[in-house]
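**Student:** Sending over a structure as structure tokens; questions will come in a sec.
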Amino acid sequence: MNTPSKRTQISITVNGKTYSRDVEARRTLADFLREDLGLTGTHIGCEHGACGACTVTVDGMLARSCLTLASQMDGCEIRTVEGLSGPNGLHPIQAAFKEHHALQCGYCTPGFLVTAAAMLEETQDPTEGQVRDWLSGNICRCTGYQFIVDAVLSAAETMRSETEERDAS
Amino acid sequence: MGQFGKRQVRAEDDRLITGRGCYIDDITLPNMAHIVVVRSQAAHARITVDTSDARALDGVIAVFTAEDLPEAARILPDCHPNPALTNPRGPSVLANGLVRYVGEPIAAIVAENRYIAEDAAELVQVDYETEAAVIDLEKALTKQSARVHEDLPSNLAALINIATGNADSAFAKAHCVVKERLEIQRGAGQAMETRGVVAHWNRFEDRMVVWNVSQVPYVHRTAIANALGLPERQVQVQNPDVGGGFGYKGLTYTEDILVPVVARQLDRPVKWIEDRREHLIASYHERTQIHELEMATTEDGTILGIRGRFYHDTGAYTPWGPVVPLLTAVNIPGPYRVPNYAVQCDIVYTNTTPVAPVRGAGRPQACYVTERLLDRVGKELGIDPAALRKRNLITAEEYPYDVGFISRDGTRRTYDSGNVPALLDRALEILDYDNTLADCAKLRTEGRYRGIGIACCVEDTGLGPFEEVGMSIEADGSVTVRMGTPSQGQGQKTSFAQVAADILGVPFDKVKVLTGNTDLVRYSIGTFASRAGVVTGSAVSIAANQLKERACAIGAVLLQTSPEELDLKDGKVVLKADETRSIDLAQIVHTSLGESGNPLPLPDFGPGMSTTASFSPPTNTFATGCHAALVEVDPATCKVEILRYIAVEDFGNLINPLIVDGQVIGGVSLGVGNTFFEKAVYDSEGQILTGTFMDYLVATSMDVPRVEIDHLSTPSPLNPLGMKGAGQGGTIPVPAVISSAVENALEPFGVHLCAVPFSESDLFQNLRNDDSKSTRKSA
Ligand code: FES
Ligand code: FES
């Protein structure tokens with residue numbers, strides 16, 4: 001039999017909080033987040049990197065937590081859907097998802113939110129085509145994407161006007 | 001008033017957008033064990049199973065095979081017994097000596113965690129003594145074919161005949177007869193959340209508590225009670241948040257029985273979560289049919305009749321009776337006048353994953369074949385496709401319209417209301433049909449190939465027998481609605497709160513809708529067949545009206561007036577003539593409950609403001625729709641671009657158009673997948689080749705066009721709110737519409753589309769084939 005019990009010690013920062021944990025070498029980041037840290041907002045849709053439901057950011061880069069091992073994450077900073085909203089309430093992308101009915105069952109939603117939030121950090125004024133391109137690695141079976149695209153475009157606008165206001169004041 | 005018909009944002013969303021939902025895999029119980037199911041790797045084989053190595057692995061608690069299950073838990077119940085299915089065969093919970101499709105459950109490993117269970121699953125040794133596999137739907141009915149079920153004389157599960165008028169004599173008189181062989185291939189629902197079950201024995205209540213992702217928790221309650229030999233009151237089934245349903249989560253699978261049985265036997269909480277590969281190979285599929293149909297018309301294209309035969313692949317078993325092919329057979333006439341009709345359906349067993357309804361449920365196939373035949377007639381007679389459809393559509397004045405045969409629910413199939421010609425007109429108006437046609441013609445001279453497709457459909461929705469609702473006004477004047485139809489994302493907690501809020505005159509956010517727990521109401525059927533909105537929604541309105549009546553009666557005593565003078569508004573009972581005279585609903589509740597130790601102050605009304613109501617529709621109500629698309633095809637690459645997609649729907653009165661629009665667009669998205677990508681593929685041995693999302697392709701944000709939606713409403717006379725179901729209308733016409741548009745775009749090349757899905761390379765081959773005018777498969 002193989003040696004599943006091989007373990008490593010990691011220190012990992014998730015949504016601003018640092019955890020030190022001893023993990024089995026083969027444990028996925030998704031299982032680590034969901035089961036060891038209780039952050040069940042990250043969902044598992046395929047476990048083979050194709051659906052995007054498990055998307056998180058690792059040091060600011062989008063990553064599929066189902067294909068990432070927790071043991072590789074020593075010293076990394078992770079952001080999950082639970083880390084999107086701040087002390088001032090919902091992230092504009094979350095508010096826009098609600099406003100535009102961009103979710104039905106909500107299972108794919110965390111992956112879309114994390115992806116869209118990362119996109120909006122990089123691209124403040126995206127076109128519809130760019131939004132569709134960014135989201136093309138995330139599968140949603142309920143919404144047909146249209147309201148998700150609308151939500152992202154609208155969140156981009158909100159964030160631009162917030163930045164303008166901040167700059168003006 | 002004001003909530004009914006409002007684009008209200010959803011009450012469900014706050015939890016789900018912040019990662020605070022609770023789906024089945026988010027449930028963790030102390031001391032919980034984990035199950036992994038060992039599945040067949042052969043399509044048809046005798047098996048012997050050796051589990052000794054698996055049992056010996058550290059961390060493995062138990063391994064179950066068929067003989068470890070109690071007698072009553074060995075065969076899955078038939079969820080929809082139907083006498084039309086003459087040779088039904090249900091799956092075993094765990095295969096007993098014989099497997100009939102790749103993915104069929106053979107054994108269950110119970111271990112301390114999922115990782116260990118997966119390790120142990122690999123140690124189970126299954127010896128397969130393979131038998132010939134029946135894969136090809138048509139060859140399955142030949143004399144030489146192997147048989148999926150040896151005890152049956154052939155692979156025929158049933159023959160269904162649906163007829164009205166006299167098709168043969170109509171064909172004899174016809175001016176034009178077209179004939180087609182049309183193929184619809186196998187697809188699947190593939191919700192983003194796979195299936196899962198958690199079960200434990202609640203020692204305090206002395207009963208089995210089960211969480212699962214079912215659309216029919218009450219059906220499961222019965223099935224689990226039977227399997228465990230318990231009365232139903234000792235079984236509670238709950239649904240947490242569920243990540244999509246799409247029909248095929250509406251029946252009882254192996255694990256729905258297995259997990260509670262294991263939890264009972266081991267006296268430990270147990271969890272099973274399906275992975276995507278299992279979901280792709282073992283959660284039930286739909287759609288495979290081959291049609292050989294003819295349509296007869298007069299010289300001006302008026303339909304005289306449709307006749308022929310189609311073959312429906314039911315896979316290895318019939319877990320949902322004959323519902324899917326029956327729905328196809330009764331839906332082929334669609335919203336058109338078809339006075340003479342004779343169609344036979346052969347329901348055929350194959351060594352593939354069993355078939356159950358997937359969003360659309362037999363109707364996309366029906367719509368596809370009828371619309372393809374109409375396109376042939378149009379070409380043959382040189383009639384514009386829109387005009388041809390208009391000529392044959394049942395007019396508004398003809399409703400209620402007797403289709404001429406018995407429907408799926410055993411009643412005479414009668415379209416209760418509708419006006420499809422108006423839907424067609426509206427779709428053409430949005431498309432700017434005449435100008436768009438002219439544009440297409442002009443562009444064609446420049447070597448650009450655009451085409452238009454149009455299709456109309458009906459959908460039987462809102463079927464019986466009933467739904468039950470409980471409703472209370474709480475001590476603080478807020479309202480609680482309890483119901484049995486669970487949600488898989490449809491937003492019931494929002495829509496039904498809107499219905500209750502209006503009638504009870506309370507703000508939307510004062511109504512809390514509870515569902516997903518068989519303790520909430522005593523009986524329920526479930527969420528499928530576009531029925532929850534219509535049937536549960538109607539029950540909500542009845543219950544709310546009962547409470548309104550009681551509140552006004554009590555208010556009348558307190559305000560010393562008659563109930564007719566009163567109304568409910570802003571959380572109060574108000575005097576219509578002078579709204580300053582009012583009583584809070586909280587006060588009404590308080591009065592109706594009385595004081596501890598004293599007699600009820602108003603004994604005539606009984607204690608409290610709580611009620612139950614049910615609604616039983618007399619028969620289905622029929623939703624209708626007309627979709628149109630404009631596409632451009634590059635003949636060099638065969639890339640298809642959907643430039644416009646228009647959906648004009650008649651779902652009767654809409655509670656929440658925002659939610660309904662979401663249903664339409666989501667439905668179209670599945671339809672786009674059904675048209676271009678979604679295909680479960682088997683090789684000739686019955687190995688399934690589409691076991692990942694890299695092989696089984698679904699529509700992404702790059703594929704689904706923006707959908708332009710409009711609603712025209714003919715309220716249904718069959719329920720108090722005039723509603724029709726909206727869950728599947730988006731999906732049904734899409735393959736028909738896009739096929740039509742692509743064929744129209746490529747008309748100069750004589751491309752002839754007879755199968756869905758078709759990929760760009762299928763189209764490429766079709767385009768390059770010299771005898772492309774002949775009828776043949778494109779896929
Ligand atoms: S679960 Fe990670 S991509 Fe699907
Ligand atoms: S909202 Fe259900 S999968 Fe996207």
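We label chains A, B, ... in the order they appear in the structure tokens, count residues from 1 in each chain, and number ligands from 1 in the order shown.
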Just the residues within 12 Å of Ile10 in chain A, please, counting only C-alpha atoms, with nothing from its chain fewer than 2 positions along; format it as a PyMOL selection string.
**Tutor:** chain A and resi 7-8+12-13+18-25+27+29+32+69-77
**Student:** So that I have them on file, write out the residues from the current selection with N, CA and C atoms, as a PDB file, in the first residue's frame.
**Tutor:**
ATOM      1  N   ARG A   7       3.215  13.394   6.121  1.00  0.00           N
ATOM      2  CA  ARG A   7       2.622  14.676   6.494  1.00  0.00           C
ATOM      3  C   ARG A   7       3.655  15.799   6.450  1.00  0.00           C
ATOM      4  N   THR A   8       3.170  17.026   6.241  1.00  0.00           N
ATOM      5  CA  THR A   8       4.072  18.183   6.321  1.00  0.00           C
ATOM      6  C   THR A   8       3.416  19.286   7.144  1.00  0.00           C
ATOM      7  N   ILE A  12      -0.021  29.064   6.622  1.00  0.00           N
ATOM      8  CA  ILE A  12      -0.761  29.552   5.458  1.00  0.00           C
ATOM      9  C   ILE A  12      -1.695  30.671   5.918  1.00  0.00           C
ATOM     10  N   THR A  13      -1.775  31.715   5.110  1.00  0.00           N
ATOM     11  CA  THR A  13      -2.644  32.840   5.482  1.00  0.00           C
ATOM     12  C   THR A  13      -3.889  32.799   4.605  1.00  0.00           C
ATOM     13  N   THR A  18      -3.615  33.806   9.755  1.00  0.00           N
ATOM     14  CA  THR A  18      -2.566  32.810   9.531  1.00  0.00           C
ATOM     15  C   THR A  18      -2.822  31.549  10.358  1.00  0.00           C
ATOM     16  N   TYR A  19      -2.693  30.412   9.694  1.00  0.00           N
ATOM     17  CA  TYR A  19      -2.922  29.119  10.337  1.00  0.00           C
ATOM     18  C   TYR A  19      -1.661  28.272  10.212  1.00  0.00           C
ATOM     19  N   SER A  20      -1.306  27.565  11.280  1.00  0.00           N
ATOM     20  CA  SER A  20      -0.235  26.571  11.194  1.00  0.00           C
ATOM     21  C   SER A  20      -0.879  25.209  11.344  1.00  0.00           C
ATOM     22  N   ARG A  21      -0.629  24.359  10.359  1.00  0.00           N
ATOM     23  CA  ARG A  21      -1.300  23.060  10.383  1.00  0.00           C
ATOM     24  C   ARG A  21      -0.364  21.971   9.875  1.00  0.00           C
ATOM     25  N   ASP A  22      -0.668  20.787  10.337  1.00  0.00           N
ATOM     26  CA  ASP A  22       0.059  19.606   9.907  1.00  0.00           C
ATOM     27  C   ASP A  22      -0.866  18.907   8.908  1.00  0.00           C
ATOM     28  N   VAL A  23      -0.451  18.781   7.639  1.00  0.00           N
ATOM     29  CA  VAL A  23      -1.366  18.196   6.647  1.00  0.00           C
ATOM     30  C   VAL A  23      -0.761  16.972   5.976  1.00  0.00           C
ATOM     31  N   GLU A  24      -1.644  16.078   5.594  1.00  0.00           N
ATOM     32  CA  GLU A  24      -1.229  14.929   4.810  1.00  0.00           C
ATOM     33  C   GLU A  24      -0.725  15.464   3.468  1.00  0.00           C
ATOM     34  N   ALA A  25       0.342  14.871   2.971  1.00  0.00           N
ATOM     35  CA  ALA A  25       0.978  15.416   1.766  1.00  0.00           C
ATOM     36  C   ALA A  25       0.016  15.469   0.579  1.00  0.00           C
ATOM     37  N   ARG A  27      -3.222  15.970   0.635  1.00  0.00           N
ATOM     38  CA  ARG A  27      -4.480  16.675   0.885  1.00  0.00           C
ATOM     39  C   ARG A  27      -4.618  17.869  -0.069  1.00  0.00           C
ATOM     40  N   LEU A  29      -5.892  21.512  -1.479  1.00  0.00           N
ATOM     41  CA  LEU A  29      -6.159  22.799  -0.838  1.00  0.00           C
ATOM     42  C   LEU A  29      -7.664  22.942  -0.590  1.00  0.00           C
ATOM     43  N   PHE A  32      -8.544  21.052   2.419  1.00  0.00           N
ATOM     44  CA  PHE A  32      -7.951  21.740   3.568  1.00  0.00           C
ATOM     45  C   PHE A  32      -8.810  22.940   3.979  1.00  0.00           C
ATOM     46  N   LEU A  69      -2.210  21.242  -3.958  1.00  0.00           N
ATOM     47  CA  LEU A  69      -2.072  20.524  -2.687  1.00  0.00           C
ATOM     48  C   LEU A  69      -1.830  21.530  -1.570  1.00  0.00           C
ATOM     49  N   ALA A  70      -2.443  21.275  -0.450  1.00  0.00           N
ATOM     50  CA  ALA A  70      -2.264  22.178   0.699  1.00  0.00           C
ATOM     51  C   ALA A  70      -0.798  22.243   1.076  1.00  0.00           C
ATOM     52  N   SER A  71      -0.114  21.110   0.922  1.00  0.00           N
ATOM     53  CA  SER A  71       1.286  21.071   1.339  1.00  0.00           C
ATOM     54  C   SER A  71       2.193  21.974   0.495  1.00  0.00           C
ATOM     55  N   GLN A  72       1.705  22.390  -0.688  1.00  0.00           N
ATOM     56  CA  GLN A  72       2.494  23.309  -1.515  1.00  0.00           C
ATOM     57  C   GLN A  72       2.288  24.764  -1.102  1.00  0.00           C
ATOM     58  N   MET A  73       1.386  24.997  -0.184  1.00  0.00           N
ATOM     59  CA  MET A  73       0.926  26.358   0.075  1.00  0.00           C
ATOM     60  C   MET A  73       1.634  27.026   1.250  1.00  0.00           C
ATOM     61  N   ASP A  74       2.702  26.400   1.710  1.00  0.00           N
ATOM     62  CA  ASP A  74       3.406  26.957   2.860  1.00  0.00           C
ATOM     63  C   ASP A  74       3.838  28.390   2.553  1.00  0.00           C
ATOM     64  N   GLY A  75       3.461  29.303   3.415  1.00  0.00           N
ATOM     65  CA  GLY A  75       3.862  30.700   3.242  1.00  0.00           C
ATOM     66  C   GLY A  75       2.993  31.489   2.273  1.00  0.00           C
ATOM     67  N   CYS A  76       1.972  30.863   1.724  1.00  0.00           N
ATOM     68  CA  CYS A  76       1.144  31.558   0.718  1.00  0.00           C
ATOM     69  C   CYS A  76      -0.019  32.300   1.364  1.00  0.00           C
ATOM     70  N   GLU A  77      -0.503  33.273   0.590  1.00  0.00           N
ATOM     71  CA  GLU A  77      -1.692  34.003   1.002  1.00  0.00           C
ATOM     72  C   GLU A  77      -2.845  33.624   0.108  1.00  0.00           C
TER      73      GLU A  77
END
**Student:** Would you mind listing what lies within 9 Å of Leu62 in chain A as a list of chain:residue names, with only C-alpha atoms counted and same-chain residues fewer than 5 positions away left out?
**Tutor:** A:Thr55, A:Val56, A:Thr57, A:Val114, A:Thr115, A:Ala118
**Student:** Filtering to N, CA and C atoms, could you give me those residues as a PDB file, in the first residue's frame?
**Tutor:**
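The result, written out as selection_38.pdb:
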ATOM      1  N   THR A  55     -12.386  27.864  -7.335  1.00  0.00           N
ATOM      2  CA  THR A  55     -11.380  28.903  -7.564  1.00  0.00           C
ATOM      3  C   THR A  55     -11.123  29.757  -6.321  1.00  0.00           C
ATOM      4  N   VAL A  56      -9.845  29.944  -6.018  1.00  0.00           N
ATOM      5  CA  VAL A  56      -9.411  30.866  -4.961  1.00  0.00           C
ATOM      6  C   VAL A  56      -8.240  31.658  -5.548  1.00  0.00           C
ATOM      7  N   THR A  57      -7.771  32.653  -4.831  1.00  0.00           N
ATOM      8  CA  THR A  57      -6.513  33.254  -5.285  1.00  0.00           C
ATOM      9  C   THR A  57      -5.397  32.847  -4.340  1.00  0.00           C
ATOM     10  N   VAL A 114     -14.889  35.009  -7.017  1.00  0.00           N
ATOM     11  CA  VAL A 114     -13.447  35.145  -6.813  1.00  0.00           C
ATOM     12  C   VAL A 114     -12.770  35.492  -8.143  1.00  0.00           C
ATOM     13  N   THR A 115     -13.202  34.843  -9.214  1.00  0.00           N
ATOM     14  CA  THR A 115     -12.622  35.112 -10.536  1.00  0.00           C
ATOM     15  C   THR A 115     -12.905  36.560 -10.960  1.00  0.00           C
ATOM     16  N   ALA A 118     -10.933  39.113  -8.998  1.00  0.00           N
ATOM     17  CA  ALA A 118      -9.531  39.166  -9.450  1.00  0.00           C
ATOM     18  C   ALA A 118      -9.438  39.918 -10.772  1.00  0.00           C
TER      19      ALA A 118
END
**Student:** At a cut-off of 9 Å, using only C-alpha atoms, what residues contact range 433-441 of chain B? Leave out same-chain residues fewer than 3 positions from it and give the result as a CSV table (one decimal) with all heavy atoms, in the first residue's frame.
**Tutor:**
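The new file part_25.csv reads:
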chain,number,residue,atom,x,y,z
B,427,ALA,N,-42.1,37.7,-31.8
B,427,ALA,CA,-40.7,37.3,-32.0
B,427,ALA,C,-40.2,37.9,-33.4
B,427,ALA,O,-39.1,38.4,-33.5
B,427,ALA,CB,-40.6,35.8,-32.0
B,428,LEU,N,-41.1,37.8,-34.4
B,428,LEU,CA,-40.7,38.4,-35.7
B,428,LEU,C,-40.5,39.9,-35.6
B,428,LEU,O,-39.6,40.4,-36.2
B,428,LEU,CB,-41.8,38.0,-36.7
B,428,LEU,CG,-42.0,36.5,-37.0
B,428,LEU,CD1,-43.2,36.3,-38.0
B,428,LEU,CD2,-40.8,35.9,-37.5
B,429,GLU,N,-41.4,40.5,-34.8
B,429,GLU,CA,-41.2,42.0,-34.6
B,429,GLU,C,-39.9,42.3,-34.0
B,429,GLU,O,-39.2,43.2,-34.4
B,429,GLU,CB,-42.4,42.4,-33.7
B,429,GLU,CG,-42.6,43.9,-33.7
B,429,GLU,CD,-43.7,44.3,-32.6
B,429,GLU,OE1,-44.5,43.4,-32.3
B,429,GLU,OE2,-43.6,45.4,-32.1
B,430,ILE,N,-39.6,41.6,-32.9
B,430,ILE,CA,-38.3,41.8,-32.2
B,430,ILE,C,-37.1,41.6,-33.2
B,430,ILE,O,-36.1,42.3,-33.2
B,430,ILE,CB,-38.1,41.0,-31.0
B,430,ILE,CG1,-39.2,41.3,-30.0
B,430,ILE,CG2,-36.7,41.2,-30.3
B,430,ILE,CD1,-39.3,40.3,-28.8
B,444,ARG,N,-25.4,37.6,-48.3
B,444,ARG,CA,-25.1,36.4,-49.0
B,444,ARG,C,-24.4,36.7,-50.4
B,444,ARG,O,-23.5,36.0,-50.7
B,444,ARG,CB,-26.4,35.6,-49.3
B,444,ARG,CG,-26.1,34.1,-49.6
B,444,ARG,CD,-27.4,33.3,-49.6
B,444,ARG,NE,-27.8,32.9,-48.2
B,444,ARG,CZ,-28.9,32.2,-48.0
B,444,ARG,NH1,-29.7,31.8,-49.0
B,444,ARG,NH2,-29.2,31.9,-46.8
B,445,THR,N,-24.8,37.8,-51.0
B,445,THR,CA,-24.2,38.1,-52.2
B,445,THR,C,-22.7,38.6,-52.0
B,445,THR,O,-21.9,38.6,-52.9
B,445,THR,CB,-24.9,39.3,-53.0
B,445,THR,OG1,-24.9,40.4,-52.1
B,445,THR,CG2,-26.4,38.9,-53.3
B,448,ARG,N,-21.3,36.2,-47.2
B,448,ARG,CA,-21.5,36.0,-45.8
B,448,ARG,C,-22.8,35.3,-45.6
B,448,ARG,O,-23.8,35.6,-46.2
B,448,ARG,CB,-21.5,37.3,-45.0
B,448,ARG,CG,-20.0,37.9,-45.0
B,448,ARG,CD,-20.0,39.2,-44.4
B,448,ARG,NE,-20.4,39.1,-43.0
B,448,ARG,CZ,-20.6,40.2,-42.2
B,448,ARG,NH1,-20.5,41.4,-42.7
B,448,ARG,NH2,-21.0,40.1,-41.0
B,449,TYR,N,-22.8,34.3,-44.7
B,449,TYR,CA,-23.9,33.4,-44.7
B,449,TYR,C,-24.6,33.5,-43.3
B,449,TYR,O,-24.2,33.0,-42.3
B,449,TYR,CB,-23.4,31.9,-44.9
B,449,TYR,CG,-22.9,31.8,-46.3
B,449,TYR,CD1,-21.5,32.1,-46.6
B,449,TYR,CD2,-23.7,31.6,-47.4
B,449,TYR,CE1,-21.0,32.1,-47.9
B,449,TYR,CE2,-23.2,31.6,-48.7
B,449,TYR,CZ,-21.9,31.8,-48.9
B,449,TYR,OH,-21.5,31.8,-50.2
B,450,ARG,N,-25.7,34.2,-43.4
B,450,ARG,CA,-26.6,34.3,-42.2
B,450,ARG,C,-27.9,33.6,-42.4
B,450,ARG,O,-28.3,33.5,-43.6
B,450,ARG,CB,-26.9,35.8,-42.0
B,450,ARG,CG,-25.7,36.5,-41.4
B,450,ARG,CD,-26.1,37.9,-40.9
B,450,ARG,NE,-24.9,38.5,-40.3
B,450,ARG,CZ,-24.8,39.7,-39.7
B,450,ARG,NH1,-26.0,40.4,-39.7
B,450,ARG,NH2,-23.7,40.2,-39.2
B,451,GLY,N,-28.4,33.1,-41.3
B,451,GLY,CA,-29.7,32.4,-41.5
B,451,GLY,C,-30.6,32.7,-40.3
B,451,GLY,O,-30.1,33.0,-39.2
B,452,ILE,N,-31.9,32.5,-40.5
B,452,ILE,CA,-32.9,32.6,-39.4
B,452,ILE,C,-33.5,31.3,-39.1
B,452,ILE,O,-33.8,30.5,-40.0
B,452,ILE,CB,-34.0,33.7,-39.9
B,452,ILE,CG1,-33.3,35.0,-40.1
B,452,ILE,CG2,-35.1,33.7,-38.8
B,452,ILE,CD1,-34.3,36.0,-40.7
B,630,LEU,N,-30.9,34.4,-35.1
B,630,LEU,CA,-30.2,34.8,-36.3
B,630,LEU,C,-28.7,34.3,-36.1
B,630,LEU,O,-28.1,34.7,-35.1
B,630,LEU,CB,-30.2,36.3,-36.4
B,630,LEU,CG,-29.4,37.0,-37.5
B,630,LEU,CD1,-29.9,36.6,-38.9
B,630,LEU,CD2,-29.3,38.5,-37.4
B,745,ALA,N,-28.8,29.4,-43.1
B,745,ALA,CA,-27.5,30.1,-43.5
B,745,ALA,C,-26.8,29.4,-44.6
B,745,ALA,O,-26.2,30.0,-45.5
B,745,ALA,CB,-26.7,30.3,-42.2
**Student:** Set the cut-off to 8 Å, count only C-alpha atoms and all ligand atoms, and list whatever residues fall near ligand 2 as JSON, numbers by chain.
**Tutor:** {"A": [102, 103, 104, 105, 106, 107, 108, 109, 139, 140, 141, 142, 143], "B": [191, 192, 193, 243, 244, 489]}
**Student:** Compute the set of protein, DNA and RNA residues whose minimum atom distance to ligand 1 is at most 7 Å, using only C-alpha atoms and all ligand atoms, and state it as a list in words.
**Tutor:**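 These are the residues that qualify: His43, Ile44, Gly45, Cys46, Glu47, His48, Gly49, Ala50, Cys51, Gly52, Ala53, Cys54, Thr55, Arg64, Ser65, Cys66 and Leu67 of chain A.
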**Student:** Extract, using only C-alpha atoms, all DNA, RNA and protein residues at most 10 Å from Arg644 in chain B, discarding same-chain residues fewer than 2 positions from it, and format them as a list in words.
**Tutor:**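 Selected residues are Leu431, Ile452, Ala628, Ala629, Leu630, Val631, Glu632, Glu641, Ile642, Ile646, Pro705, Arg706, Val707 and Glu708 of chain B.
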**Student:** Between CA of Ile406 in chain B and CA of Pro217 in chain B, what distance in Å does the model show, to one decimal?
**Tutor:**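 We find that CA of Ile406 in chain B and CA of Pro217 in chain B lie 29.0 Å from each other.
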**Student:** Just to confirm, what's the straight-line distance from CA of Ile116 in chain B to CA of Gly59 in chain B in Å (one decimal)?
**Tutor:**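 Atom-to-atom, CA of Ile116 in chain B to CA of Gly59 in chain B, that is 6.5 Å.
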**Student:** Please return, as a PyMOL selection string, all residues of range 395-517 of chain B that DSSP assigns to strand (DSSP E or B) on the basis of the backbone.
**Tutor:** chain B and resi 401-406+412-415+449-461+467-473+479-483+511-514+517
**Student:** For Thr254 in chain B, which residue among B:Pro357, B:Pro240, B:Pro325, B:Pro105 is the nearest when counting only C-alpha atoms?
**Tutor:**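 Nearest to Thr254 in chain B: B:Pro105.
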**Student:** Rank B:Arg39, B:Arg372, B:Arg337, B:Arg74 by their smallest atom-to-atom distance to Arg391 in chain B, using only C-alpha atoms, and report the top residue only.
**Tutor:**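 The answer is B:Arg337, which sits nearest to Arg391 in chain B.
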**Student:** Quick one: DSSP alpha helix (DSSP H) residues in range 4-163 of chain A, as a count of residues only?
**Tutor:** 50
**Student:** Enter the distance from CA of Ser495 in chain B to CA of Val358 in chain B, in Å, rounded to one decimal.
**Tutor:** 23.4 Å
**Student:** For Glu380 in chain B, list every protein, DNA or RNA residue within 12 Å, evaluated using only C-alpha atoms, and leave out those in the same chain fewer than 3 positions away; present the list as a list in words.
**Tutor:**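 My list of contacting residues is His175, Cys176, Val177, Val178, Lys179, Met295, Ala296, Thr297, Thr298, Glu299, Asp300, Gly301, Leu373, Leu374, Asp375, Arg376, Val377, Ile383, Asp384, Pro385 and Leu388 of chain B.
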**Student:** Using only C-alpha atoms, pick whichever of A:Ser161, A:Thr68, A:Thr42, A:Ser154 has the shortest atom-to-atom distance to Glu82 in chain A.
**Tutor:** A:Thr42
